[in-house]
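Trainee: A single structure is presented below for examination.
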Amino acid sequence: MGVIDLVAAVVLLLSLVAVAWPFLFYPLILRGLPTRPEQPVAGDAPSASLLFCAYNEAAAMPEKLANLAILKARYPGLEILAFDDGSSDDTAALIEGQGDLVTLLRGPGRSGKAHGMKLLAARATGDVLIFTDANVMLDAEAIDNLLARYADPEIGGVLGSLHYVGDGESATASVGSLYWRIEERLKDEESRTGNVLGADGSIFSIRRALYPEFPDSVLDDLTVSMAVVFAGRRLVKARDVIARERLVAARGDEYRRKVRIAARAWHTHSHLRPQLRRMGALDRFKYASRKIVRWFGGLFILTGIVSAGTLAMRISPTLYMIGGLTGVFILWRGLRSRGGPFAAMVDILIAYVATLQGVVKAMTGRTVTIWNPAKSR
């Protein structure tokens, strides 16, 4: 084997390991780590405020308000606050019509979710701040189950479990559902062994005293949840705190969503870097494995394809041509299909490309502050 062959083989192997790391090797390592038990102390449950931001969510609002009414009936002391980010539809009017249930704050125009959440957090009076999204529905017992975890004084934040619905509507939705099931299992293992390294906005909470200051340009759910870890408290996940959200079914909507999230995630990573460096070794390992390695998955796939092509060409030009034509065929069939294995493979590739594009976008100084709800949800 020549030097070029050896280099190409090593690069291919490392690329395969890097792509598989967050989904195969990292979970196996987590399972081998010891459990860090919680230590609850008897006492009264803390008070709570539930916060969410909305923009043009009129279609989802009737179901959302009905869900909030159920939560309020189950937990009468729950304070509910909403921020309308300059909606052009009837979102604000629908919320305002339920003034005895929800306190509405209005923005002057498009100012973004992070800005809205900061206003809501400043207005909230609960000991625990619960964050969710306008299109997310919580199971009736979610608040009780979530607050019960704060019986351990070392716990500073609690995540819920997001269950997606509508995974059979398209290959994009099916891949998104599979990805999220893997993500949920990873968070379960991270929680069992100490800290979950970051929350998503569907359902998470922190003690109000730990709420940090941050600019409007960062990803607020990652910034706020990581403040718990930075404060030396535990950030854990509760399987019995269940939130439900409809999947994005269209490729275009999902692509734009992933670019936006990845751009803001990398921008947030840059903002948090000094505090990330001060974390313990295990938390740094978790953060790198679940976030940084995944953000650059598209680059690892590209290097793997180039190295595999180099090896194939040196073995046989015919083998190289067969491999290339097979790749083109998979792309062609996958882009034309709404379901099946080829469509799933293309959607996975598109997800990696979108994430890498978002990271590169943030690295060049561009990020996204405002958002628009997906039309195919």
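Letters A, B, ... go to the chains of the structure tokens in the order shown; residues in each chain start at 1; ligands are counted from 1 in the same order.
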Skip Gln275 of chain A itself and residues of its chain fewer than 5 positions away, then list as a list in words all residues within 10 Å of it, counting only C-alpha atoms.

Mentor: Met226, Ala227, Val229, Phe230, Ala231 and His269 of chain A

Trainee: Please dump the current selection as a compact mmCIF listing (two decimals), in the first residue's frame; keep all heavy atoms.

Mentor:
# COMPACT_ATOMS: atom_id res chain seq x y z
N MET A 226 -27.49 26.28 29.91
CA MET A 226 -26.09 26.09 30.26
C MET A 226 -25.69 26.92 31.47
O MET A 226 -24.71 26.59 32.17
CB MET A 226 -25.19 26.43 29.07
CG MET A 226 -25.23 25.40 27.95
SD MET A 226 -24.75 23.74 28.46
CE MET A 226 -23.04 24.01 28.91
N ALA A 227 -26.44 27.99 31.77
CA ALA A 227 -26.15 28.79 32.96
C ALA A 227 -26.27 27.95 34.23
O ALA A 227 -25.59 28.21 35.22
CB ALA A 227 -27.11 29.98 33.03
N VAL A 229 -25.38 24.74 34.51
CA VAL A 229 -24.12 23.99 34.62
C VAL A 229 -23.00 24.92 35.06
O VAL A 229 -22.18 24.56 35.93
CB VAL A 229 -23.78 23.32 33.27
CG1 VAL A 229 -22.48 22.53 33.36
CG2 VAL A 229 -24.91 22.41 32.83
N PHE A 230 -22.95 26.11 34.48
CA PHE A 230 -21.90 27.06 34.83
C PHE A 230 -21.98 27.48 36.31
O PHE A 230 -20.97 27.82 36.92
CB PHE A 230 -22.00 28.31 33.95
CG PHE A 230 -21.80 28.05 32.48
CD1 PHE A 230 -22.40 28.87 31.53
CD2 PHE A 230 -21.04 26.99 32.04
CE1 PHE A 230 -22.24 28.64 30.18
CE2 PHE A 230 -20.86 26.73 30.68
CZ PHE A 230 -21.46 27.57 29.75
N ALA A 231 -23.19 27.44 36.88
CA ALA A 231 -23.38 27.81 38.28
C ALA A 231 -23.05 26.67 39.24
O ALA A 231 -23.16 26.83 40.46
CB ALA A 231 -24.81 28.28 38.51
N HIS A 269 -22.21 29.35 20.99
CA HIS A 269 -20.99 28.65 21.44
C HIS A 269 -19.84 29.64 21.60
O HIS A 269 -19.09 29.59 22.59
CB HIS A 269 -20.64 27.56 20.43
CG HIS A 269 -19.27 26.99 20.60
ND1 HIS A 269 -18.94 26.10 21.59
CD2 HIS A 269 -18.11 27.23 19.91
CE1 HIS A 269 -17.67 25.78 21.51
NE2 HIS A 269 -17.14 26.45 20.49

Trainee: DSSP on the backbone: which residues in segment 17-137 of chain A end up as helix (DSSP H, G or I)? Give the answer as JSON, numbers by chain.

Mentor: {"A": [17, 18, 19, 20, 21, 22, 23, 24, 25, 26, 27, 28, 29, 30, 31, 61, 62, 63, 64, 65, 66, 67, 68, 69, 70, 71, 72, 73, 74, 91, 92, 93, 94, 95, 96, 113, 114, 115, 116, 117, 118, 119, 120, 121, 122, 123]}

Trainee: Which neighbours of Val360 of chain A fall inside 9 Å, counting only C-alpha atoms, when residues of the same chain fewer than 6 positions from it are skipped, and could you give them as a PyMOL selection string?

Mentor: chain A and resi 263+266+366

Trainee: Using only C-alpha atoms, please write the residues we just selected to a file, as a PDB file, in the first residue's frame.

Mentor:
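Result file follows (result_0.pdb):
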ATOM      1  CA  ALA A 263     -25.967  29.517  12.906  1.00  0.00           C
ATOM      2  CA  TRP A 266     -22.368  28.349  16.830  1.00  0.00           C
ATOM      3  CA  ARG A 366     -23.712  36.339  10.255  1.00  0.00           C
TER       4      ARG A 366
END

Trainee: Show me, as CSV, the residues of segment 1-45 of chain A having an atom within 7 Å of segment 183-193 of chain A, each with the closest atom pair and its distance in Å, using only C-alpha atoms.

Mentor:
residue,atom,partner,partner_atom,distance
A:Pro27,CA,A:Leu186,CA,6.4
A:Leu30,CA,A:Glu189,CA,6.2
A:Arg31,CA,A:Glu189,CA,6.8
A:Leu33,CA,A:Thr193,CA,6.5
A:Pro34,CA,A:Thr193,CA,6.2
A:Thr35,CA,A:Thr193,CA,4.9
A:Arg36,CA,A:Thr193,CA,5.2

Trainee: Given the selection you just returned, output its residues as a file containing C-alpha atoms, formatted as a compact mmCIF listing (two decimals), in the first residue's frame.

Mentor:
# COMPACT_ATOMS: atom_id res chain seq x y z
CA PRO A 27 -23.76 6.58 23.80
CA LEU A 30 -22.12 7.09 28.53
CA ARG A 31 -23.67 3.73 29.35
CA LEU A 33 -20.37 5.65 33.35
CA PRO A 34 -21.76 5.39 36.91
CA THR A 35 -25.15 6.82 37.86
CA ARG A 36 -25.20 10.06 39.81

Trainee: From the set A:Asp347, A:Asp5, A:Glu79, A:Asp240, which residue has the shortest atom-to-atom contact distance to Asp139 of chain A, counting only C-alpha atoms?

Mentor: A:Asp240

Trainee: If we count only C-alpha atoms, what is near Leu356 of chain A at a cut-off of 7 Å, once residues fewer than 4 positions away on the same chain are taken out, given as number ranges by chain?

Mentor: A: 295-296, 298, 352, 360

Trainee: Got a sec: who's within 7 Å of Ile242 of chain A, counting only C-alpha atoms, leaving out chain neighbours fewer than 2 positions off, as a ChimeraX atom specification?

Mentor: /A:138-139,142,160-163,239-240,244
